[in-house]
Structures are given as structure tokens and as C-alpha cells.
file target15.txt (compact mmCIF, C-alpha atoms and all ligand atoms)
# COMPACT_ATOMS: atom_id res chain seq x y z
CA MET A 1 0.00 0.00 0.00
CA ILE A 2 1.21 3.49 -0.87
CA ILE A 3 0.41 6.73 0.91
CA LEU A 4 0.73 9.62 -1.52
CA LYS A 5 0.52 13.26 -0.55
CA ILE A 6 -0.16 15.79 -3.27
CA GLY A 7 0.77 19.27 -2.11
CA GLY A 8 -1.87 21.97 -2.27
CA SER A 9 0.71 24.13 -4.03
CA ALA A 10 0.70 21.67 -6.95
CA LEU A 11 -3.10 21.44 -7.28
CA THR A 12 -3.94 25.10 -6.79
CA ILE A 13 -2.46 28.50 -7.47
CA LYS A 14 -1.36 28.96 -3.91
CA ASP A 15 -0.64 32.68 -3.91
CA ALA A 16 -3.92 33.59 -5.66
CA ASN A 17 -6.21 35.85 -3.64
CA LYS A 18 -9.13 33.46 -4.03
CA PRO A 19 -9.42 29.66 -4.28
CA THR A 20 -7.99 28.86 -7.73
CA ILE A 21 -7.28 25.47 -9.31
CA ASP A 22 -4.07 24.94 -11.28
CA GLU A 23 -5.95 23.24 -14.13
CA ILE A 24 -2.90 22.10 -16.09
CA ASN A 25 -1.18 20.55 -13.07
CA LEU A 26 -4.39 18.97 -11.81
CA ASP A 27 -5.12 17.23 -15.14
CA ARG A 28 -1.57 15.96 -15.42
CA ILE A 29 -1.33 14.81 -11.79
CA VAL A 30 -4.56 12.78 -11.89
CA LYS A 31 -3.35 11.10 -15.11
CA GLU A 32 -0.04 10.18 -13.46
CA ILE A 33 -1.82 8.80 -10.40
CA SER A 34 -4.23 6.75 -12.52
CA VAL A 35 -1.29 4.79 -13.95
CA TYR A 36 -0.83 3.12 -10.57
CA ASN A 37 -4.45 2.59 -9.46
CA GLN A 38 -3.79 -0.07 -6.82
CA ASP A 39 -3.77 -0.10 -3.01
CA MET A 40 -3.31 3.54 -2.19
CA ILE A 41 -4.39 6.32 0.14
CA ILE A 42 -4.10 9.83 -1.24
CA VAL A 43 -3.92 12.90 0.97
CA HIS A 44 -3.94 16.33 -0.58
CA GLY A 45 -3.13 19.76 0.75
CA ALA A 46 -5.43 22.75 0.73
CA GLY A 47 -3.50 25.35 -1.25
CA SER A 48 -5.51 28.49 -1.92
CA TYR A 49 -8.72 26.59 -1.06
CA GLY A 50 -7.76 26.41 2.61
CA HIS A 51 -4.91 28.64 3.64
CA ILE A 52 -6.65 31.89 2.63
CA TYR A 53 -9.60 31.38 5.02
CA ALA A 54 -7.59 29.63 7.72
CA THR A 55 -5.22 32.60 7.83
CA GLU A 56 -7.96 35.24 7.54
CA TYR A 57 -9.79 33.80 10.57
CA SER A 58 -6.60 32.77 12.47
CA ILE A 59 -7.95 29.30 13.09
CA GLY A 60 -5.81 27.60 15.71
CA SER A 61 -4.88 30.79 17.53
CA LYS A 62 -6.05 31.50 21.09
CA ILE A 63 -9.72 32.48 21.34
CA GLU A 64 -9.80 36.05 22.62
CA ASN A 65 -13.49 36.44 23.52
CA GLU A 66 -17.00 35.34 22.52
CA GLU A 67 -16.99 37.52 19.41
CA ASP A 68 -13.69 36.00 18.29
CA ASN A 69 -15.11 32.51 18.91
CA THR A 70 -18.13 33.31 16.70
CA ALA A 71 -15.84 34.60 13.95
CA LYS A 72 -13.65 31.51 14.17
CA ILE A 73 -16.69 29.24 13.86
CA GLU A 74 -17.66 31.13 10.71
CA GLY A 75 -14.09 30.78 9.40
CA PHE A 76 -14.03 27.07 10.27
CA CYS A 77 -17.22 26.49 8.24
CA LYS A 78 -15.95 28.51 5.26
CA THR A 79 -12.58 26.73 5.28
CA GLN A 80 -14.19 23.31 5.58
CA SER A 81 -16.59 23.94 2.68
CA SER A 82 -13.82 25.31 0.52
CA VAL A 83 -11.40 22.39 0.99
CA GLN A 84 -14.28 19.97 0.52
CA LEU A 85 -14.92 21.58 -2.85
CA LEU A 86 -11.27 21.07 -3.83
CA ASN A 87 -11.55 17.45 -2.72
CA ASN A 88 -14.69 16.99 -4.85
CA ILE A 89 -12.99 18.43 -7.92
CA PHE A 90 -9.90 16.25 -7.38
CA CYS A 91 -11.89 13.05 -6.71
CA SER A 92 -14.18 13.61 -9.72
CA LYS A 93 -11.15 13.97 -12.01
CA LEU A 94 -9.65 10.76 -10.61
CA GLN A 95 -12.98 8.93 -11.01
CA GLU A 96 -13.16 10.03 -14.68
CA LEU A 97 -9.86 8.15 -15.19
CA GLY A 98 -11.14 5.02 -13.48
CA VAL A 99 -9.67 5.57 -10.00
CA PRO A 100 -12.28 4.67 -7.33
CA ALA A 101 -11.48 7.81 -5.33
CA ILE A 102 -13.62 8.31 -2.24
CA GLY A 103 -13.31 11.65 -0.47
CA LEU A 104 -13.08 11.44 3.34
CA GLN A 105 -13.41 14.57 5.42
CA ALA A 106 -10.98 14.67 8.36
CA SER A 107 -13.20 17.12 10.31
CA SER A 108 -15.93 14.49 10.51
CA PHE A 109 -13.84 11.81 12.26
CA ILE A 110 -10.60 13.33 13.56
CA THR A 111 -10.04 15.65 16.53
CA THR A 112 -6.84 17.10 17.95
CA LEU A 113 -5.37 18.10 21.29
CA ASP A 114 -2.98 21.05 20.99
CA LYS A 115 -3.09 20.63 17.19
CA ARG A 116 -1.96 16.97 17.22
CA ILE A 117 -4.38 14.15 16.37
CA ASP A 118 -5.82 12.68 19.59
CA ASN A 119 -8.81 10.81 18.21
CA CYS A 120 -9.21 9.07 14.87
CA ASN A 121 -10.97 5.83 14.08
CA LEU A 122 -9.39 4.19 11.05
CA ASP A 123 -11.87 1.30 10.70
CA VAL A 124 -13.76 2.90 7.81
CA ILE A 125 -10.54 3.70 5.93
CA LYS A 126 -9.36 0.10 6.38
CA GLU A 127 -12.66 -1.18 5.08
CA TYR A 128 -12.61 1.12 2.04
CA LEU A 129 -9.08 -0.13 1.26
CA LYS A 130 -10.16 -3.75 1.68
CA LYS A 131 -13.05 -3.24 -0.71
CA GLY A 132 -10.82 -1.69 -3.38
CA PHE A 133 -11.53 2.04 -2.95
CA VAL A 134 -8.86 4.72 -2.93
CA PRO A 135 -9.52 6.91 0.15
CA VAL A 136 -8.69 10.56 -0.50
CA LEU A 137 -8.21 12.66 2.63
CA TYR A 138 -7.13 16.28 2.83
CA GLY A 139 -5.97 19.02 5.17
CA ASP A 140 -9.03 20.29 7.04
CA PRO A 141 -10.07 22.37 10.04
CA VAL A 142 -10.83 20.11 13.02
CA LEU A 143 -12.14 20.43 16.58
CA ASP A 144 -9.37 20.74 19.17
CA HIS A 145 -9.71 19.65 22.80
CA ASN A 146 -7.63 22.51 24.15
CA ASP A 147 -10.34 24.98 25.23
CA GLU A 148 -8.04 27.93 24.68
CA ILE A 149 -7.98 27.32 20.92
CA LYS A 150 -10.99 24.99 20.33
CA TYR A 151 -10.26 24.63 16.57
CA ALA A 152 -7.12 23.65 14.69
CA ILE A 153 -5.91 23.35 11.14
CA LEU A 154 -4.91 19.77 10.52
CA SER A 155 -2.36 19.59 7.72
CA GLY A 156 -2.30 16.84 5.14
CA ASP A 157 1.28 16.22 6.29
CA GLN A 158 0.15 15.36 9.82
CA ILE A 159 -2.56 13.11 8.35
CA ILE A 160 -0.02 11.13 6.31
CA THR A 161 2.32 10.59 9.25
CA TYR A 162 -0.59 9.45 11.43
CA LEU A 163 -1.90 7.07 8.77
CA ALA A 164 1.58 5.75 8.03
CA GLU A 165 2.29 5.02 11.70
CA LYS A 166 -0.97 3.11 12.05
CA LEU A 167 -1.23 1.41 8.67
CA ASN A 168 2.43 0.66 7.93
CA PRO A 169 2.46 1.32 4.14
CA ASN A 170 5.23 0.09 1.83
CA LYS A 171 5.93 3.60 0.73
CA VAL A 172 5.16 7.20 1.71
CA ILE A 173 5.55 9.77 -1.06
CA LEU A 174 5.11 13.43 -0.40
CA SER A 175 4.96 15.70 -3.41
CA SER A 176 5.35 19.44 -3.26
CA ASP A 177 6.39 22.29 -5.56
CA VAL A 178 10.13 21.90 -4.97
CA ASP A 179 12.50 19.00 -5.71
CA GLY A 180 12.96 18.04 -2.07
CA ILE A 181 14.70 19.42 0.98
CA TYR A 182 17.39 22.00 0.39
CA THR A 183 20.02 23.38 2.70
CA ASP A 184 17.90 26.57 2.69
CA ASN A 185 14.78 27.87 0.92
CA PRO A 186 15.61 27.45 -2.83
CA LYS A 187 13.07 30.13 -3.74
CA THR A 188 14.88 32.82 -1.82
CA ASN A 189 18.45 31.51 -1.62
CA PRO A 190 20.07 30.65 -5.01
CA ASN A 191 22.93 28.85 -3.23
CA ALA A 192 20.60 26.35 -1.55
CA LYS A 193 21.51 22.75 -2.40
CA LEU A 194 19.25 19.71 -2.65
CA ILE A 195 19.92 17.12 0.07
CA ASP A 196 19.56 13.47 -1.02
CA ILE A 197 19.00 11.97 2.43
CA VAL A 198 17.80 13.66 5.59
CA THR A 199 17.98 12.05 9.01
CA LYS A 200 17.38 13.50 12.48
CA ASP A 201 21.08 14.38 12.57
CA THR A 202 21.07 16.46 9.36
CA LYS A 203 21.65 20.15 10.06
CA LEU A 204 19.00 22.18 8.25
CA SER A 205 18.20 25.86 8.18
CA LEU A 206 14.63 25.79 6.95
CA THR A 207 12.86 29.09 6.67
CA ASP A 208 9.12 29.10 5.99
CA ASP A 209 8.23 30.67 2.69
CA LYS A 210 6.16 33.64 3.77
CA ASN A 211 5.07 34.30 0.17
CA GLN A 212 3.06 31.12 0.27
CA ALA A 213 0.73 31.93 3.18
CA ASP A 214 1.12 28.38 4.49
CA ILE A 215 -0.51 28.30 7.91
CA THR A 216 0.72 24.76 8.59
CA GLY A 217 4.45 25.51 8.45
CA GLY A 218 5.74 25.08 4.89
CA MET A 219 8.74 22.83 4.30
CA ALA A 220 9.86 22.94 7.94
CA GLY A 221 6.47 21.48 8.95
CA LYS A 222 6.81 18.69 6.39
CA VAL A 223 10.31 17.73 7.48
CA ASN A 224 9.25 17.56 11.13
CA GLU A 225 6.31 15.31 10.25
CA LEU A 226 8.46 12.99 8.16
CA LEU A 227 11.24 12.83 10.77
CA ASN A 228 8.55 11.77 13.23
CA LEU A 229 7.68 8.97 10.86
CA ALA A 230 11.32 7.95 10.52
CA LYS A 231 11.34 7.32 14.29
CA TYR A 232 8.95 4.44 13.60
CA GLY A 233 11.29 3.07 10.92
CA ILE A 234 9.13 4.32 8.02
CA GLU A 235 11.10 5.87 5.17
CA SER A 236 9.51 8.59 3.04
CA GLN A 237 10.41 10.60 -0.02
CA ILE A 238 9.76 14.21 -0.97
CA ILE A 239 9.46 14.83 -4.73
CA ASN A 240 8.40 17.68 -7.01
CA ALA A 241 4.82 17.26 -8.32
CA GLU A 242 5.30 20.09 -10.77
CA LYS A 243 7.83 18.12 -12.82
CA PRO A 244 5.87 16.03 -15.33
CA GLY A 245 6.36 12.30 -14.84
CA ASN A 246 7.65 12.45 -11.25
CA ILE A 247 4.49 11.15 -9.57
CA GLU A 248 4.08 8.38 -12.11
CA LEU A 249 7.71 7.29 -11.59
CA ALA A 250 7.41 7.44 -7.80
CA VAL A 251 4.14 5.51 -7.51
CA SER A 252 5.39 2.85 -9.91
CA GLY A 253 8.52 2.34 -7.81
CA GLN A 254 11.08 3.96 -10.11
CA LYS A 255 13.88 6.34 -9.19
CA VAL A 256 12.94 10.02 -8.91
CA LYS A 257 15.02 13.05 -7.97
CA GLY A 258 14.07 14.10 -4.45
CA THR A 259 14.95 13.73 -0.79
CA ILE A 260 14.62 10.55 1.23
CA ILE A 261 13.84 11.02 4.93
CA LYS A 262 14.91 8.17 7.15
O1 LIG B 301 -2.17 22.24 2.88
C1 LIG B 301 -3.92 22.67 5.42
O2 LIG B 301 -3.41 21.46 4.91
P1 LIG B 301 -2.01 21.47 4.14
C2 LIG B 301 -5.43 22.59 5.58
O3 LIG B 301 -1.69 20.03 3.91
C3 LIG B 301 -6.13 23.89 5.62
O4 LIG B 301 -0.99 22.11 5.06
C4 LIG B 301 -7.56 23.81 5.82
C5 LIG B 301 -5.57 25.08 5.48
call {"tool": "encode", "arguments": {"input": "target15.txt", "output": "C-alpha cells", "more": "lines below"}}
Ligand code: IP8
result
Amino acid sequence: MIILKIGGSALTIKDANKPTIDEINLDRIVKEISVYNQDMIIVHGAGSYGHIYATEYSIGSKIENEEDNTAKIEGFCKTQSSVQLLNNIFCSKLQELGVPAIGLQASSFITTLDKRIDNCNLDVIKEYLKKGFVPVLYGDPVLDHNDEIKYAILSGDQIITYLAEKLNPNKVILSSDVDGIYTDNPKTNPNAKLIDIVTKDTKLSLTDDKNQADITGGMAGKVNELLNLAKYGIESQIINAEKPGNIELAVSGQKVKGTIIK
């Protein structure tokens, strides 16, 4: 079984000022995924469908007062509807190519405590897998049990590490809009170099890309999630979803430029 994460920055125009699909990438990515079409869970990010609202309503920050709580509930609903729409578009495209993609909304069965998953029943996912479906989860706002924040943004990256720990896949592939992990942010530092293998001992200076309005922590957030996974002996790979052919190569077990985290 493979767990594949498709970054929101590959599916959407992430720095758009309203939710916007990257039509060309989306069409290509679903085609590349459909080549594999076997045991697989897909998790996708939110891109401009989620981060705009999540940031606007500061979901996950301390609730200041009743008025702030009411605003955050409104923002939670808007964010949830928006990412659900992205999930519908993505799943419909996969279905058109014969992939039995079934969208599963994290906010309806996952909660967090201090922004980390504390409650998630995987029975339904296991049963979908057993019956030949491809579950498609996505970053979503969720209820949080810390009463000071009450709501959290659950990233697709945290979902994949949780699923991988519990379901022990053969492979975890995380695709983004860069080739892998660099010594620094390649978008702002031209001297940044791609690192082939990252372990907990690798010295990194990861800066979050502020241009990308990524409320869940950008590349630094991803690396932390995947290093967590490495603690359980599960190796993962970060690859660039914007390079045509990369996803197809990765899901079919062939070599792809990227960074292995172990
Ligand atoms: O794009 C974030 O998920 P990510 C989810 O995987 C929302 O970090 C709703 C912003």
C-alpha cells in the first residue's frame, strides 16, 4: 500500500487571492496517479482553497473572547466547505480516469489536542481499502480539545504521518512544488543545495516561505512530520509534483530526484 501526498501548491495557485485550481497541473497529476491505481491512500493539501480562510480567521490561535469565537466558527465552516470543494474536484477527475477515489473529510472523524491528532478511528478507511476504494483525505479544520484554541488546522502532512504510523504502508511519497529538501529555501536563496537523504542528525536551516501563506508551516512542517515517521522506521520521499512524470515514476517504484527522509 502506498500513501501519496499531493501538495496543495501543486493542485492550486497557492498565492492567488481566491481559491484557484491549477488546471494544467491537476489534469496531469490525476493522469499520473491513474497509472498506478492499486492499493493507495491519497492525501492532498489545501492550497488556496484552505490557507486563505484559515489565515484570515486565524484558526488555531487562542480564542480572545466570545466575538472571536463566533468569527472563528464562521471561518471554520468557510474553510471546511472550501477544501471539501477542492476534494470533490480532485476526486471527480480521478474517477473520470477510473480511480475509485472516495473523499473522506478529516473534520468528521478526527479531533486534535494542541493541534496533534488525539482521536481518529481508522476502521472505515481500512474497510474502504479492503473493498478496493482509494480513500482521498485532505488538510481540514478540526475540533481541538484545548479549550483555549478549540479549533485547529490539521495539515495533510500530519494526516499522512498518522496514517503511516498506524497502517504501515510500503511507501510514503510526499509531493510538493520543490524537488525536495534544500540546505535553505531554494526560492529565496540561489545557493541552496538539494539534500539526497535527511535524518534526524542532518543540520538544516529551513525558513518558511512567507510568500506562500502556508498556515501549517511550509517545508519545515513537512520535514518535522516525516522525521517523526522515521522514528517508527518508516522511510519517506519528498518529490516535485510540478515536474511532469515524477508522480508516475514514484508511484510505480522507479527512481525520482528528491529527498529521502529516514
Ligand atoms: O495544505 C492545510 O493542509 P495542508 C489545511 O496540507 C487547511 O498544510 C484547511 C488550510
call {"tool": "closest_atom_pairs", "arguments": {"input": "target15.txt", "of": "chain A", "to": "ligand LIG 301 (chain B)", "cutoff": "8 Å", "atoms": "only C-alpha atoms and all ligand atoms", "output": "JSON lines"}}
result
{"residue": "A:Gly7", "atom": "CA", "partner": "B:LIG301", "partner_atom": "O1", "distance": 6.5}
{"residue": "A:Gly8", "atom": "CA", "partner": "B:LIG301", "partner_atom": "O1", "distance": 5.2}
{"residue": "A:Ser9", "atom": "CA", "partner": "B:LIG301", "partner_atom": "O1", "distance": 7.7}
{"residue": "A:His44", "atom": "CA", "partner": "B:LIG301", "partner_atom": "O3", "distance": 6.2}
{"residue": "A:Gly45", "atom": "CA", "partner": "B:LIG301", "partner_atom": "O1", "distance": 3.4}
{"residue": "A:Ala46", "atom": "CA", "partner": "B:LIG301", "partner_atom": "O1", "distance": 3.9}
{"residue": "A:Gly47", "atom": "CA", "partner": "B:LIG301", "partner_atom": "O1", "distance": 5.3}
{"residue": "A:Tyr49", "atom": "CA", "partner": "B:LIG301", "partner_atom": "C5", "distance": 7.4}
{"residue": "A:Gly50", "atom": "CA", "partner": "B:LIG301", "partner_atom": "C5", "distance": 3.8}
{"residue": "A:His51", "atom": "CA", "partner": "B:LIG301", "partner_atom": "C5", "distance": 4.1}
{"residue": "A:Ile52", "atom": "CA", "partner": "B:LIG301", "partner_atom": "C5", "distance": 7.5}
{"residue": "A:Tyr53", "atom": "CA", "partner": "B:LIG301", "partner_atom": "C5", "distance": 7.5}
{"residue": "A:Ala54", "atom": "CA", "partner": "B:LIG301", "partner_atom": "C5", "distance": 5.5}
{"residue": "A:Thr55", "atom": "CA", "partner": "B:LIG301", "partner_atom": "C5", "distance": 7.9}
{"residue": "A:Thr79", "atom": "CA", "partner": "B:LIG301", "partner_atom": "C4", "distance": 5.8}
{"residue": "A:Gln80", "atom": "CA", "partner": "B:LIG301", "partner_atom": "C4", "distance": 6.7}
{"residue": "A:Val83", "atom": "CA", "partner": "B:LIG301", "partner_atom": "C4", "distance": 6.3}
{"residue": "A:Tyr138", "atom": "CA", "partner": "B:LIG301", "partner_atom": "O3", "distance": 6.7}
{"residue": "A:Gly139", "atom": "CA", "partner": "B:LIG301", "partner_atom": "O2", "distance": 3.5}
{"residue": "A:Asp140", "atom": "CA", "partner": "B:LIG301", "partner_atom": "C4", "distance": 4.0}
{"residue": "A:Pro141", "atom": "CA", "partner": "B:LIG301", "partner_atom": "C4", "distance": 5.1}
{"residue": "A:Ile153", "atom": "CA", "partner": "B:LIG301", "partner_atom": "C3", "distance": 5.6}
{"residue": "A:Leu154", "atom": "CA", "partner": "B:LIG301", "partner_atom": "C2", "distance": 5.7}
{"residue": "A:Ser155", "atom": "CA", "partner": "B:LIG301", "partner_atom": "O2", "distance": 3.5}
{"residue": "A:Gly156", "atom": "CA", "partner": "B:LIG301", "partner_atom": "O3", "distance": 3.5}
{"residue": "A:Asp157", "atom": "CA", "partner": "B:LIG301", "partner_atom": "O3", "distance": 5.4}
{"residue": "A:Gln158", "atom": "CA", "partner": "B:LIG301", "partner_atom": "O3", "distance": 7.8}
{"residue": "A:Asp214", "atom": "CA", "partner": "B:LIG301", "partner_atom": "O4", "distance": 6.6}
{"residue": "A:Ile215", "atom": "CA", "partner": "B:LIG301", "partner_atom": "C5", "distance": 6.5}
{"residue": "A:Thr216", "atom": "CA", "partner": "B:LIG301", "partner_atom": "O4", "distance": 4.7}
{"residue": "A:Gly217", "atom": "CA", "partner": "B:LIG301", "partner_atom": "O4", "distance": 7.3}
{"residue": "A:Gly218", "atom": "CA", "partner": "B:LIG301", "partner_atom": "O4", "distance": 7.4}
call {"tool": "residues_around", "arguments": {"input": "target15.txt", "residues": "Ser176 (chain A)", "least_positions_apart": "6", "cutoff": "8 Å", "atoms": "all atoms listed in the file", "output": "JSON, numbers by chain"}}
result
{"A": [6, 7, 8, 9, 10, 238, 239, 240, 241, 242]}
call {"tool": "write_last_selection", "arguments": {"input": "target15.txt", "atoms": "C-alpha atoms", "output": "PDB file, in the frame of the given file"}}
result
ATOM      1  CA  ILE A   6      -0.160  15.790  -3.270  1.00  0.00           C
ATOM      2  CA  GLY A   7       0.770  19.270  -2.110  1.00  0.00           C
ATOM      3  CA  GLY A   8      -1.870  21.970  -2.270  1.00  0.00           C
ATOM      4  CA  SER A   9       0.710  24.130  -4.030  1.00  0.00           C
ATOM      5  CA  ALA A  10       0.700  21.670  -6.950  1.00  0.00           C
ATOM      6  CA  ILE A 238       9.760  14.210  -0.970  1.00  0.00           C
ATOM      7  CA  ILE A 239       9.460  14.830  -4.730  1.00  0.00           C
ATOM      8  CA  ASN A 240       8.400  17.680  -7.010  1.00  0.00           C
ATOM      9  CA  ALA A 241       4.820  17.260  -8.320  1.00  0.00           C
ATOM     10  CA  GLU A 242       5.300  20.090 -10.770  1.00  0.00           C
TER      11      GLU A 242
END
call {"tool": "atom_distance", "arguments": {"input": "target15.txt", "atom1": "CA of Leu167 (chain A)", "atom2": "CA of Ser81 (chain A)"}}
result
27.9 Å
call {"tool": "closest_residue", "arguments": {"input": "target15.txt", "among": "A:Val124, A:Leu113, A:Ala230, A:Met1", "to": "Ser252 (chain A)", "atoms": "only C-alpha atoms"}}
result
A:Met1
call {"tool": "axis_aligned_box", "arguments": {"input": "target15.txt", "around": "region 142-158 of chain A", "padding_each_side": "3 Å", "output": "lines of an AutoDock Vina configuration file"}}
result
center_x = -5.4
center_y = 21.6
center_z = 15.2
size_x = 19.4
size_y = 18.6
size_z = 26.1
call {"tool": "atom_distance", "arguments": {"input": "target15.txt", "atom1": "CA of Phe76 (chain A)", "atom2": "CA of Asn121 (chain A)"}}
result
21.8 Å
